[in-house]
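J.: Structure incoming, see below.
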Amino acid sequence: MSLLRPRVLVFLLVATIFLLIFWPTNYQQNQCIDKGSQGFFQANNNNSPGPVIDAIRTTTITDTKGTQKEYLNAKGYITFLHIIRKQHKTAIESLTRVADIAVANDTVYSVTLKPQKPPSGDIHDYMSLGRYFWPDPTQPDGLPYIRKDGYVNPEFFTILDYVYMRKLFREVQDLGFAYFFTRNETYVDKAMYRIKEWFLDEETKMNPNLNYAGFRKGQAMGWRTGVLDFHQVFRLLQAIPLMRYSYKWDPSIEKGLKAWLSEYYIWFTTSKMGRGEGKTKNNHGTFYDVQALFLLDYLGRYEEAKSFIRVSVENRVNNGILPTGQQPHETDRPTSWFYSIFNLQGLFMLAERADHFDFDAWNYVGPEGQSIRKAVDFLLPFALNEGEGWPVPNIKGFEVNDYVKILELSYVIWGDEKYLNAVEELRPKAKAEQAAGLKLAKWEDNYLCDLALLTNRLLWTCLY
Ligand SMILES: *[C@@H]1O[C@H](CO)[C@@H](O)[C@H](O)[C@H]1NC(C)=O
Ligand SMILES: *[C@@H]1O[C@H](CO)[C@@H](O)[C@H](O)[C@H]1NC(C)=O
């Protein structure tokens with residue numbers, strides 16, 4: 001199913017979710033049943049439906065060609081507008097707040113700031129340390145470092161290339177979207193400045209490779225897992241088209257960026273690290289594919305993207321998901337819950353991209369019945385039960401914030417009420433996690449997420 005074909009249906013579903021989620025009264029007594037003659041949802045237990053049911057009631061009318069059309073009744077429509085307006089205001093305020101912070105920051109973001117050169121001797125080579133690697137206590141100098149999966153070595157933050165790059169991706173995204181909604185040219189200026197600084201300026205630029213990403217002290221080169229560092233480039237790539245209409249947009253900078261990314265893509269697909277990462281079976285492989293697709297798409301290589309997406313989805317679903325829906329390469333990890341959700345986010349991004357290339361990944365089913373939907377369903381009872389009975393070790397708890405976003409989308413995509421019911425139950429917990437600062441996720445994300453869905457933009461704000 002394409003997300004767009006039944007655009008109106010999706011719109012109504014989203015509206016329904018809004019209403020169900022935000023209406024401040026207790027409507028649980030009213031069972032929702034399938035679309036009936038009176039409209040989308042109907043109360044089935046009495047004749048005095050609560051305000052939600054009343055508000056979303058639709059009326060069917062027949063037009064001059066005999067086509068049946070449905071419209072939201074006045075109360076529902078006005079309520080919907082009211083909520084949208086409120087959400088819009090909060091979302092734009094939050095967006096301009098972060099964009100203004102990005103504008104105000106005049107410090108340099110560059111790979112050249114790190115305190116040590118990578119083994120190549122070229123400070124322009126990006127470098128990051130293996131997140132889960134620690135000194136070997138059996139060696140006098142601790143080298144080479146050894147793996148303690150799930151435990152982040154704080155040394156990771158002594159080399160900040162990773163931090164700057166992620167910040168760059170996020171800020172260009174924020175600036176691009178803030179520009180889209182406000183037409184404030186200052187945002188485009190800053191985005192151009194940052195892109196130029198990171199990719200193009202002789203003094204500060206990064207070379208188009210990740211040879212020293214995921215570096216483990218005591219080794220000569222980086223490690224393939226470091227290729228994941230770059231995957232959030234999707235943030236930057238999807239914000240760029242929103243700024244092209246600005247008179248401040250400098251096509252020569254974009255030309256330079258494209259040349260940089262083309263060169264990077266060669267490294268990404270031919271280097272030992274890049275190829276190794278692509279062959280990985282777990283979330284690293286999934287996000288390698290996500291990265292590949294966004295790059296191909298941005299570089300205008302649509303035919304390649306189109307054939308890649310099919311192979312990718314088949315591979316990731318057939319080999320990354322069991323017929324039960326368990327994702328065995330993620331449940332192998334000490335932080336099994338976190339990675340099961342993280343890989344699903346990657347699969348959702350792949351499926352969303354696939355929609356742009358006429359491939360229905362949402363409903364693709366592997367030879368043994370594996371599917372993305374089954375992977376969503378596998379997690380559901382444990383999410384509802386604070387992880388009770390989770391079949392594998394898990395050292396970092398059972399946060400639900402990111403999973404709730406997956407469930408919201410699942411409802412929009414597959415229309416199964418069990419997702420809606422689960423969202424209803426889990427959303428307070430997700431909100432409490434956000435309020436407690438457990439998650440980077442922004443409070444206001446939902447509106448932009450739904451807008452993204454409706455306008456065939458991306459899932460970025462929906463996922464993380
Ligand atoms: C545009 O953004 C800049 C930088 O954040 C801000 O100072 C300025 O007031 C904004 N302009 C308008 C018209 O809102
Ligand atoms: C600007 O960004 C850098 C890099 O993240 C950060 O260290 C610095 O505190 C920021 N400065 C301001 C004024 O926000």
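Residue names in the structure tokens use chain letters A, B, ... in the order shown, residue numbers from 1 in each chain, and ligand numbers from 1 in the order shown.
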Hey, what does DSSP flag as helix (DSSP H, G or I) within stretch 50-85 of chain A? Can you give it to me as a list in words?
T.: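 In stretch 50-85 of chain A, DSSP puts these residues in helix (DSSP H, G or I): Pro51, Val52, Ile53, Asp54, Ala55, Ala74, Lys75, Gly76, Tyr77, Ile78, Thr79, Phe80, Leu81, His82, Ile83, Ile84 and Arg85 of chain A.
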J.: Since we have the selection now, will you write its residues out, keeping N, CA, C and O atoms, as a PDB file, in the first residue's frame?
T.:
```pdb
ATOM      1  N   PRO A  51     -18.022  12.937  23.467  1.00  0.00           N
ATOM      2  CA  PRO A  51     -17.693  14.026  22.549  1.00  0.00           C
ATOM      3  C   PRO A  51     -16.797  13.583  21.388  1.00  0.00           C
ATOM      4  O   PRO A  51     -16.942  14.075  20.277  1.00  0.00           O
ATOM      5  N   VAL A  52     -15.878  12.641  21.641  1.00  0.00           N
ATOM      6  CA  VAL A  52     -14.993  12.221  20.561  1.00  0.00           C
ATOM      7  C   VAL A  52     -15.781  11.586  19.443  1.00  0.00           C
ATOM      8  O   VAL A  52     -15.664  11.951  18.278  1.00  0.00           O
ATOM      9  N   ILE A  53     -16.602  10.637  19.833  1.00  0.00           N
ATOM     10  CA  ILE A  53     -17.357   9.903  18.823  1.00  0.00           C
ATOM     11  C   ILE A  53     -18.246  10.881  18.065  1.00  0.00           C
ATOM     12  O   ILE A  53     -18.373  10.836  16.852  1.00  0.00           O
ATOM     13  N   ASP A  54     -18.828  11.805  18.820  1.00  0.00           N
ATOM     14  CA  ASP A  54     -19.687  12.786  18.210  1.00  0.00           C
ATOM     15  C   ASP A  54     -18.894  13.658  17.230  1.00  0.00           C
ATOM     16  O   ASP A  54     -19.312  13.913  16.114  1.00  0.00           O
ATOM     17  N   ALA A  55     -17.725  14.086  17.695  1.00  0.00           N
ATOM     18  CA  ALA A  55     -16.948  15.033  16.916  1.00  0.00           C
ATOM     19  C   ALA A  55     -16.457  14.436  15.606  1.00  0.00           C
ATOM     20  O   ALA A  55     -16.353  15.132  14.608  1.00  0.00           O
ATOM     21  N   ALA A  74     -19.606  19.344  11.353  1.00  0.00           N
ATOM     22  CA  ALA A  74     -19.077  20.639  11.784  1.00  0.00           C
ATOM     23  C   ALA A  74     -18.237  20.566  13.050  1.00  0.00           C
ATOM     24  O   ALA A  74     -17.110  21.049  13.093  1.00  0.00           O
ATOM     25  N   LYS A  75     -18.753  19.909  14.044  1.00  0.00           N
ATOM     26  CA  LYS A  75     -18.074  19.869  15.327  1.00  0.00           C
ATOM     27  C   LYS A  75     -16.711  19.185  15.180  1.00  0.00           C
ATOM     28  O   LYS A  75     -15.704  19.651  15.712  1.00  0.00           O
ATOM     29  N   GLY A  76     -16.712  18.093  14.444  1.00  0.00           N
ATOM     30  CA  GLY A  76     -15.467  17.354  14.222  1.00  0.00           C
ATOM     31  C   GLY A  76     -14.466  18.196  13.453  1.00  0.00           C
ATOM     32  O   GLY A  76     -13.288  18.270  13.796  1.00  0.00           O
ATOM     33  N   TYR A  77     -14.960  18.858  12.424  1.00  0.00           N
ATOM     34  CA  TYR A  77     -14.069  19.642  11.581  1.00  0.00           C
ATOM     35  C   TYR A  77     -13.468  20.814  12.350  1.00  0.00           C
ATOM     36  O   TYR A  77     -12.263  21.060  12.293  1.00  0.00           O
ATOM     37  N   ILE A  78     -14.302  21.505  13.084  1.00  0.00           N
ATOM     38  CA  ILE A  78     -13.816  22.661  13.851  1.00  0.00           C
ATOM     39  C   ILE A  78     -12.830  22.203  14.932  1.00  0.00           C
ATOM     40  O   ILE A  78     -11.790  22.820  15.157  1.00  0.00           O
ATOM     41  N   THR A  79     -13.165  21.098  15.568  1.00  0.00           N
ATOM     42  CA  THR A  79     -12.271  20.576  16.599  1.00  0.00           C
ATOM     43  C   THR A  79     -10.917  20.226  15.982  1.00  0.00           C
ATOM     44  O   THR A  79      -9.854  20.533  16.526  1.00  0.00           O
ATOM     45  N   PHE A  80     -10.987  19.583  14.832  1.00  0.00           N
ATOM     46  CA  PHE A  80      -9.775  19.191  14.130  1.00  0.00           C
ATOM     47  C   PHE A  80      -8.918  20.419  13.796  1.00  0.00           C
ATOM     48  O   PHE A  80      -7.722  20.460  14.053  1.00  0.00           O
ATOM     49  N   LEU A  81      -9.560  21.446  13.261  1.00  0.00           N
ATOM     50  CA  LEU A  81      -8.825  22.673  12.926  1.00  0.00           C
ATOM     51  C   LEU A  81      -8.192  23.294  14.160  1.00  0.00           C
ATOM     52  O   LEU A  81      -7.046  23.743  14.141  1.00  0.00           O
ATOM     53  N   HIS A  82      -8.950  23.263  15.224  1.00  0.00           N
ATOM     54  CA  HIS A  82      -8.474  23.856  16.461  1.00  0.00           C
ATOM     55  C   HIS A  82      -7.214  23.143  16.941  1.00  0.00           C
ATOM     56  O   HIS A  82      -6.216  23.776  17.304  1.00  0.00           O
ATOM     57  N   ILE A  83      -7.254  21.832  16.897  1.00  0.00           N
ATOM     58  CA  ILE A  83      -6.104  21.050  17.369  1.00  0.00           C
ATOM     59  C   ILE A  83      -4.902  21.263  16.448  1.00  0.00           C
ATOM     60  O   ILE A  83      -3.782  21.494  16.893  1.00  0.00           O
ATOM     61  N   ILE A  84      -5.171  21.222  15.158  1.00  0.00           N
ATOM     62  CA  ILE A  84      -4.095  21.422  14.184  1.00  0.00           C
ATOM     63  C   ILE A  84      -3.426  22.782  14.396  1.00  0.00           C
ATOM     64  O   ILE A  84      -2.211  22.910  14.385  1.00  0.00           O
ATOM     65  N   ARG A  85      -4.267  23.794  14.607  1.00  0.00           N
ATOM     66  CA  ARG A  85      -3.728  25.134  14.782  1.00  0.00           C
ATOM     67  C   ARG A  85      -2.842  25.224  16.015  1.00  0.00           C
ATOM     68  O   ARG A  85      -1.769  25.810  15.996  1.00  0.00           O
TER      69      ARG A  85
END
```
J.: Output the neighbourhood of ligand 2 as a count of residues only, that is, all protein and nucleic acid residues with some atom at most 8 Å from the ligand, counting only C-alpha atoms and all ligand atoms.
T.: 11
J.: Collect all residues with atoms no farther than 10 Å from ligand 1, counting only C-alpha atoms and all ligand atoms, and output them as a list in words.
T.: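 Going residue by residue within 10 Å of ligand 1, we get Thr96, Arg97, Val98, Ala99, Asp100, Ile101, Ala102, Val103, Ala104, Leu175, Ala178, Tyr179, Thr182, Arg183, Asn184, Glu185, Thr186, Tyr187, Val188, Asp189 and Lys190 of chain A.
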J.: Can you tell me, as a ChimeraX atom specification, what residues are no more than 7 Å from A:Arg147 when counting only C-alpha atoms, ignoring any on the same chain fewer than 3 positions away?
T.: /A:132-134
J.: Check the smallest atom-to-atom distance from each of A:Phe177, A:Phe169, A:Trp267, A:Phe215 to A:Pro118 using only C-alpha atoms, then report the winner.
T.: A:Phe215
J.: Considering only C-alpha atoms, return as a PyMOL selection string whatever protein or nucleic-acid residues lie within 10 Å of A:Ile372, sequence-local ones (same chain, fewer than 4 positions apart) excluded.
T.: chain A and resi 313+316-318+320-321+325+327+344+347-348+351+361-366+376-378
J.: Enumerate the residues of stretch 205-449 of chain A with a DSSP assignment of strand (DSSP E), computed from the backbone, and present them as a PyMOL selection string.
T.: chain A and resi 212-215
J.: Suppose we keep N, CA, C and O atoms; can you now write the selection as a PDB file, in the first residue's frame?
T.:
```
ATOM      1  N   TYR A 212      38.617   6.373   9.440  1.00  0.00           N
ATOM      2  CA  TYR A 212      38.974   6.238  10.867  1.00  0.00           C
ATOM      3  C   TYR A 212      37.750   6.357  11.778  1.00  0.00           C
ATOM      4  O   TYR A 212      37.867   6.698  12.947  1.00  0.00           O
ATOM      5  N   ALA A 213      36.600   6.025  11.210  1.00  0.00           N
ATOM      6  CA  ALA A 213      35.382   5.989  12.034  1.00  0.00           C
ATOM      7  C   ALA A 213      35.360   4.672  12.810  1.00  0.00           C
ATOM      8  O   ALA A 213      35.863   3.655  12.336  1.00  0.00           O
ATOM      9  N   GLY A 214      34.796   4.715  13.996  1.00  0.00           N
ATOM     10  CA  GLY A 214      34.719   3.496  14.812  1.00  0.00           C
ATOM     11  C   GLY A 214      36.092   2.974  15.191  1.00  0.00           C
ATOM     12  O   GLY A 214      36.273   1.778  15.429  1.00  0.00           O
ATOM     13  N   PHE A 215      37.050   3.886  15.278  1.00  0.00           N
ATOM     14  CA  PHE A 215      38.455   3.528  15.521  1.00  0.00           C
ATOM     15  C   PHE A 215      38.634   2.871  16.894  1.00  0.00           C
ATOM     16  O   PHE A 215      38.104   3.345  17.897  1.00  0.00           O
TER      17      PHE A 215
END
```
J.: For A:Phe180, which residue out of A:Lys217, A:Lys306, A:Arg57, A:Arg244 is the nearest one, using only C-alpha atoms?
T.: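 Nearest candidate to A:Phe180 out of A:Lys217, A:Lys306, A:Arg57, A:Arg244: A:Arg244.
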J.: Enter the distance from atom CA of A:Leu242 to atom CA of A:Glu171, in Å, rounded to one decimal.
T.: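 Between atom CA of A:Leu242 and atom CA of A:Glu171 the gap works out to 13.9 Å.
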J.: Could you name the residues that touch A:Thr331 at 10 Å or less, counting only C-alpha atoms, but leaving out those on the same chain fewer than 5 positions away, as a list of chain:residue names?
T.: A:Asn282, A:Gln326, A:Ser336, A:Trp337, A:Phe338, A:Tyr339, A:Ser340, A:Trp390, A:Pro391, A:Val392, A:Pro393, A:Asn394
J.: What's around A:Tyr419 at 12 Å? Count only C-alpha atoms, leave out sequence neighbours fewer than 4 positions away in its own chain, and write the answer as a short mmCIF file (atom, residue, chain, number, x, y, z; two decimals) with N, CA, C and O atoms, in the first residue's frame.
T.:
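The file below, around11.cif, is the result:
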```cif
data_model
loop_
_atom_site.label_atom_id
_atom_site.label_comp_id
_atom_site.auth_asym_id
_atom_site.auth_seq_id
_atom_site.Cartn_x
_atom_site.Cartn_y
_atom_site.Cartn_z
N ILE A 17 -6.68 9.94 15.07
CA ILE A 17 -5.69 9.72 16.13
C ILE A 17 -5.58 10.96 17.00
O ILE A 17 -5.62 10.89 18.21
N ARG A 373 5.87 -5.89 9.66
CA ARG A 373 4.74 -5.84 10.58
C ARG A 373 4.88 -6.86 11.71
O ARG A 373 4.55 -6.59 12.87
N VAL A 376 7.11 -5.55 14.31
CA VAL A 376 6.41 -4.60 15.18
C VAL A 376 5.61 -5.38 16.22
O VAL A 376 5.66 -5.11 17.42
N ASP A 377 4.86 -6.37 15.74
CA ASP A 377 3.97 -7.13 16.62
C ASP A 377 4.72 -7.91 17.69
O ASP A 377 4.22 -8.09 18.80
N LEU A 379 7.19 -7.07 19.40
CA LEU A 379 7.55 -6.25 20.56
C LEU A 379 6.34 -5.84 21.41
O LEU A 379 6.47 -5.49 22.58
N LEU A 380 5.17 -5.89 20.79
CA LEU A 380 3.99 -5.29 21.41
C LEU A 380 3.65 -5.79 22.82
O LEU A 380 3.53 -4.98 23.75
N PRO A 381 3.53 -7.12 23.01
CA PRO A 381 3.15 -7.56 24.37
C PRO A 381 4.17 -7.15 25.43
O PRO A 381 3.79 -6.84 26.56
N ALA A 383 6.09 -4.45 25.33
CA ALA A 383 5.96 -3.01 25.56
C ALA A 383 4.80 -2.74 26.52
O ALA A 383 4.88 -1.89 27.40
N LEU A 384 3.74 -3.50 26.34
CA LEU A 384 2.54 -3.30 27.17
C LEU A 384 2.75 -3.80 28.58
O LEU A 384 1.98 -3.50 29.48
N TYR A 403 9.14 3.37 20.41
CA TYR A 403 8.24 2.32 19.94
C TYR A 403 6.82 2.87 19.74
O TYR A 403 6.11 2.46 18.82
N VAL A 404 6.43 3.80 20.59
CA VAL A 404 5.10 4.40 20.44
C VAL A 404 4.98 5.11 19.09
O VAL A 404 3.96 5.03 18.41
N LYS A 405 6.04 5.75 18.68
CA LYS A 405 6.02 6.39 17.36
C LYS A 405 5.83 5.34 16.26
O LYS A 405 5.11 5.55 15.28
N ILE A 406 6.49 4.23 16.45
CA ILE A 406 6.33 3.14 15.47
C ILE A 406 4.89 2.64 15.46
O ILE A 406 4.31 2.38 14.41
N LEU A 407 4.30 2.57 16.63
CA LEU A 407 2.90 2.12 16.71
C LEU A 407 1.94 3.12 16.07
O LEU A 407 0.98 2.74 15.40
N GLU A 408 2.20 4.41 16.27
CA GLU A 408 1.33 5.42 15.64
C GLU A 408 1.36 5.26 14.13
O GLU A 408 0.32 5.26 13.46
N LEU A 409 2.56 5.10 13.61
CA LEU A 409 2.68 4.90 12.17
C LEU A 409 2.05 3.58 11.74
O LEU A 409 1.41 3.50 10.70
N SER A 410 2.22 2.57 12.57
CA SER A 410 1.66 1.26 12.23
C SER A 410 0.15 1.35 12.06
O SER A 410 -0.43 0.73 11.17
N TYR A 411 -0.45 2.14 12.91
CA TYR A 411 -1.91 2.30 12.80
C TYR A 411 -2.27 2.99 11.48
O TYR A 411 -3.21 2.59 10.79
N VAL A 412 -1.50 4.02 11.16
CA VAL A 412 -1.78 4.74 9.91
C VAL A 412 -1.55 3.81 8.71
O VAL A 412 -2.30 3.82 7.75
N ILE A 413 -0.52 2.99 8.78
CA ILE A 413 -0.15 2.16 7.64
C ILE A 413 -1.06 0.94 7.50
O ILE A 413 -1.55 0.65 6.42
N TRP A 414 -1.30 0.24 8.61
CA TRP A 414 -2.03 -1.02 8.51
C TRP A 414 -3.46 -0.95 9.03
O TRP A 414 -4.23 -1.89 8.85
N GLY A 415 -3.77 0.16 9.72
CA GLY A 415 -5.16 0.37 10.14
C GLY A 415 -5.70 -0.64 11.15
O GLY A 415 -6.92 -0.76 11.30
N VAL A 423 -1.31 2.42 21.52
CA VAL A 423 -0.84 3.81 21.62
C VAL A 423 -1.55 4.49 22.78
O VAL A 423 -0.95 5.20 23.58
N GLU A 424 -2.83 4.23 22.87
CA GLU A 424 -3.60 4.84 23.94
C GLU A 424 -3.05 4.45 25.30
O GLU A 424 -2.94 5.27 26.22
N GLU A 425 -2.66 3.20 25.42
CA GLU A 425 -2.15 2.72 26.70
C GLU A 425 -0.72 3.21 26.97
O GLU A 425 -0.36 3.54 28.09
N LEU A 426 0.09 3.29 25.91
CA LEU A 426 1.51 3.56 26.12
C LEU A 426 1.90 5.03 26.01
O LEU A 426 2.97 5.43 26.45
N ARG A 427 1.04 5.81 25.38
CA ARG A 427 1.41 7.20 25.17
C ARG A 427 1.72 7.96 26.46
O ARG A 427 2.68 8.73 26.52
#
```
J.: Provide the atom CA of A:Asp174 to atom CA of A:Tyr193 distance in Å, to one decimal place.
T.: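 About the pair atom CA of A:Asp174 and atom CA of A:Tyr193: they are 14.1 Å apart.
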J.: Could you list, as a list in words, every residue within 8 Å of A:Gly150, counting only C-alpha atoms and ignoring same-chain residues fewer than 2 positions away?
T.: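 That gives Tyr132, Lys148, Val152, Arg333, Pro334, Thr335 and Ile395 of chain A.
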J.: Rank A:Ser252, A:Thr158, A:Ser271, A:Thr225 by their smallest atom-to-atom distance to A:Phe287, using only C-alpha atoms, and report the top residue only.
T.: A:Thr225
